[in-house]
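Note sheet for the following structure.
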Amino acid sequence: MHSTDRVVTRFAPSPTGNLHSGSYRTAIFCYLFARKHGGKFILRIEDTDRERSKKEYENNILESLAWLGLEHDALYHQSEHVERHREVLERLVAEGKAYISTEEAKDGSGETKEIVRFKNPNEIVSFKDEIKGTVTMDTTDLGDFVIGKSITEPLYNFAVVVDDFDEGVTHVIRGEDHVSNTPRQILIQRAIGASTPVYAHLPLVLGMDKQKLSKRKGALAMTEYRDLGYLPEALLNMVAMIGWNPGTEQELFSKDELIAAFDLNKVQSSPASFNPEKLDWFNREYMKKLDSAMFWQHATPWTPKGLDHAMAHKIEHLIRDRINKFSDIKTLFEAGEFDYFFAEPIVDHAMLPWKGDNLETACANLGEVRTRLEQLPQTDWTYDSIKSVIWEYAEATGRGNVLWPFRVALSGRDKSPDPFEIASIIGKEKTLARLAAAVA
RNA sequence: GGCCCUAUCGUCUAACGGCUAGGACGGAUCCUUCUCAAGGAUUAAAUCGGGGUUCGAUUCCCCGUAGGGUCACCA
């Protein structure tokens, strides 16, 4: 693309609450589109509503974007443009394209205020939307809509148009809830002599209940996913695939691959649901790519304090296979899932026999297992060796009859990794001791 | 209600107007060392309804129906 018609996109959230995945999908698409075309991605905080805008929400947005890896090329605050807005507002009034109207305030105070209304030329406005096709609306029923609470307090539809124009925005990619604002904005563009950018209105992201995502219904802020121990790559990949697909069967995309594959024309025109189970799957896929050092960097905050490092590394693969996100580690430990790696289990004798078997033979089998294991040299105490000395006996005696009590004797639990796994991890000495203790 | 948008498995989706409507997540079944997890194999599951256009409609048109968006001195 020629430098003079360089692509400029913008993500323009208002910091009046924490944003959910639907908003971040908009940010992702804006970012992807800009990068794909070698353009600029602008972040504009729309904070003209002074009462409702909060710095903490703005910070949350900034943090979330950074976490996802969506770096912006420029950051603006709409509130810093009030002078410029007033200037344009005054010009419009001077040109007769807008007028000041003295009306009773809507706040019920009974006072009168001077608000700015746009002089609606009452035209049929139609615009081409990259996703929806051509949308046509009769602006007559909009009336002379208000563009300023006063000459110094511009309203959204006006401020957006001026800012997009000043910032050279070429592509407005935003949520479908803005479709009905577009004709108003086009009218204002014509009035101030701005060109109309390319529009792409994204269908909404819904919850699994097909309802709009909302915090009330449990929609999480991006930082909440982060704090739950999800990987940013997973969220980026997952959210980018809501309502968009590359047309191939590839599902796992790095950020660079997303940039390369992204295409506005392949964005779905119907709303999509956010499926948390699919997010878990994406997250597992990205966790698999983590090496041990990276894994523990993420995992450590969720492990019990004072966790033995050597032991932790020995059970790393067991943990990996059992979690969808890092906070699951805490859940696992709290459920006592790995207690038997750190302390002697309390074995319930009633649990010892395999189904249909009795305590007596279970203990006899444990004795045989113990005898065989005693002969296995300390230096050869590996998963495979342990299995090889027990396997033949278990086959002959009945796998369940041998393996079940063996595992229960080591773990004290009805569910756990297999006995060879536990034995190899806790070592010969403890294995023999537990075997002896279980039959005592 | 006015205006606007949308409609393929439960979910995300694929299918120049033309092969048994494909894939993924989730589910089920089986296998893989006893349980759990992971892994492997197999499998169930969809074109909202009715009219057209056409030799032929998931696909194009119309009407229904159902969802959603928006109708502020919020953004």
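Here, A, B, ... name the chains of the structure tokens in the order displayed, residue numbers run from 1 inside each chain, and ligands are numbered from 1 in the same displayed order.
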
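Distance criterion 8 Å to chain A, applied with only C-alpha atoms (C1' of nucleotides), yields C3, C4, C5, U6, A7, U11, C12, U13, A14, G23, A24, C25, G26, U33, C34, U35, C36, A37, A38, G68, G69, U70, C73, C74 and A75 of chain B on chain B.
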
Next item on the list: DSSP on the backbone, then: every residue of region 48-273 of chain A marked alpha helix (DSSP H), written as number ranges by chain.
Entry: A: 55-68, 82-94, 156-166, 182-192, 222-227, 232-240, 255-261

Margin query: I need the residue nearest Ile390 (chain A) from this list: A:Leu366, A:Leu75, A:Ala234, A:Ala335. Use only C-alpha atoms for the distance.
Written below: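 Among A:Leu366, A:Leu75, A:Ala234, A:Ala335, it is A:Leu366 that comes nearest to Ile390 (chain A).
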
Next item on the list: Please give the complete set of residues from region 82-247 of chain A that DSSP, run on the backbone, assigns to strand (DSSP E or B), formatted as a PyMOL selection string.
Entry: chain A and resi 98-104+112-118+124-129+133-138+146-150+153-154+171-175+198-202+205-206+212+221+244

Write a file of the just-selected residues containing C-alpha atoms, as a PDB file, in the first residue's frame.
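Full text of part20.pdb as output:
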```pdb
ATOM      1  CA  ALA A  98     -25.344  23.446  13.672  1.00  0.00           C
ATOM      2  CA  TYR A  99     -27.139  25.721  16.057  1.00  0.00           C
ATOM      3  CA  ILE A 100     -27.338  26.523  19.704  1.00  0.00           C
ATOM      4  CA  SER A 101     -30.632  25.709  21.258  1.00  0.00           C
ATOM      5  CA  THR A 102     -31.803  26.859  24.642  1.00  0.00           C
ATOM      6  CA  GLU A 103     -33.662  24.014  26.271  1.00  0.00           C
ATOM      7  CA  GLU A 104     -34.659  22.767  29.624  1.00  0.00           C
ATOM      8  CA  THR A 112     -32.284  25.890  30.944  1.00  0.00           C
ATOM      9  CA  LYS A 113     -29.089  25.157  29.034  1.00  0.00           C
ATOM     10  CA  GLU A 114     -27.571  26.044  25.716  1.00  0.00           C
ATOM     11  CA  ILE A 115     -27.007  22.826  23.859  1.00  0.00           C
ATOM     12  CA  VAL A 116     -25.674  22.331  20.345  1.00  0.00           C
ATOM     13  CA  ARG A 117     -27.820  20.613  17.795  1.00  0.00           C
ATOM     14  CA  PHE A 118     -26.751  19.430  14.371  1.00  0.00           C
ATOM     15  CA  ILE A 124     -30.860   9.005   2.884  1.00  0.00           C
ATOM     16  CA  VAL A 125     -27.374   7.898   3.903  1.00  0.00           C
ATOM     17  CA  SER A 126     -25.860   4.656   2.818  1.00  0.00           C
ATOM     18  CA  PHE A 127     -22.405   3.341   3.424  1.00  0.00           C
ATOM     19  CA  LYS A 128     -20.488   0.273   2.476  1.00  0.00           C
ATOM     20  CA  ASP A 129     -19.559  -1.958   5.356  1.00  0.00           C
ATOM     21  CA  GLY A 133     -22.338  -4.949   2.823  1.00  0.00           C
ATOM     22  CA  THR A 134     -24.220  -1.772   1.991  1.00  0.00           C
ATOM     23  CA  VAL A 135     -26.309  -0.355   4.802  1.00  0.00           C
ATOM     24  CA  THR A 136     -28.856   2.321   4.055  1.00  0.00           C
ATOM     25  CA  MET A 137     -30.745   4.471   6.517  1.00  0.00           C
ATOM     26  CA  ASP A 138     -33.038   7.431   6.342  1.00  0.00           C
ATOM     27  CA  VAL A 146     -27.522  16.899  19.847  1.00  0.00           C
ATOM     28  CA  ILE A 147     -23.763  17.044  19.261  1.00  0.00           C
ATOM     29  CA  GLY A 148     -22.776  19.068  22.321  1.00  0.00           C
ATOM     30  CA  LYS A 149     -24.100  19.313  25.864  1.00  0.00           C
ATOM     31  CA  SER A 150     -22.762  22.814  25.468  1.00  0.00           C
ATOM     32  CA  GLU A 153     -18.849  19.732  25.898  1.00  0.00           C
ATOM     33  CA  PRO A 154     -18.857  17.706  22.687  1.00  0.00           C
ATOM     34  CA  HIS A 171     -10.581   2.026   8.774  1.00  0.00           C
ATOM     35  CA  VAL A 172     -13.133   2.096  11.533  1.00  0.00           C
ATOM     36  CA  ILE A 173     -13.446  -1.425  12.903  1.00  0.00           C
ATOM     37  CA  ARG A 174     -15.879  -1.526  15.810  1.00  0.00           C
ATOM     38  CA  GLY A 175     -18.804  -3.366  17.324  1.00  0.00           C
ATOM     39  CA  VAL A 198     -13.927   2.353   5.521  1.00  0.00           C
ATOM     40  CA  TYR A 199     -16.308   0.773   8.000  1.00  0.00           C
ATOM     41  CA  ALA A 200     -16.337  -2.748   9.374  1.00  0.00           C
ATOM     42  CA  HIS A 201     -18.936  -3.489  12.012  1.00  0.00           C
ATOM     43  CA  LEU A 202     -18.283  -6.653  13.957  1.00  0.00           C
ATOM     44  CA  VAL A 205     -19.753 -11.705  20.929  1.00  0.00           C
ATOM     45  CA  LEU A 206     -22.323 -13.561  22.992  1.00  0.00           C
ATOM     46  CA  LYS A 212     -24.746 -10.450  25.150  1.00  0.00           C
ATOM     47  CA  ALA A 221     -12.176  -8.942  32.188  1.00  0.00           C
ATOM     48  CA  TRP A 244     -13.276 -15.082  12.139  1.00  0.00           C
TER      49      TRP A 244
END
```

Check: Between C1' of C19 (chain B) and C1' of U42 (chain B), what is the distance, to one decimal in Å?
Finding: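 Distance between the two atoms: 23.9 Å.
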
Next item on the list: Tell me, as a PyMOL selection string, which residues lie within 12 Å of Asp308 (chain A), counting only C-alpha atoms (C1' of nucleotides); anything in the same chain fewer than 6 positions away does not count.
Entry: chain A and resi 300+314-315+341-343

Margin query: Give me, as a list of chain:residue names, all polymer residues having an atom no more than 9 Å from region 50-61 of chain B, counting only C-alpha atoms (C1' of nucleotides) and skipping those fewer than 4 positions away in the same chain.
Written below: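 Non-adjacent residues within range: B:U8, B:A15, B:G17, B:G18, B:A21.
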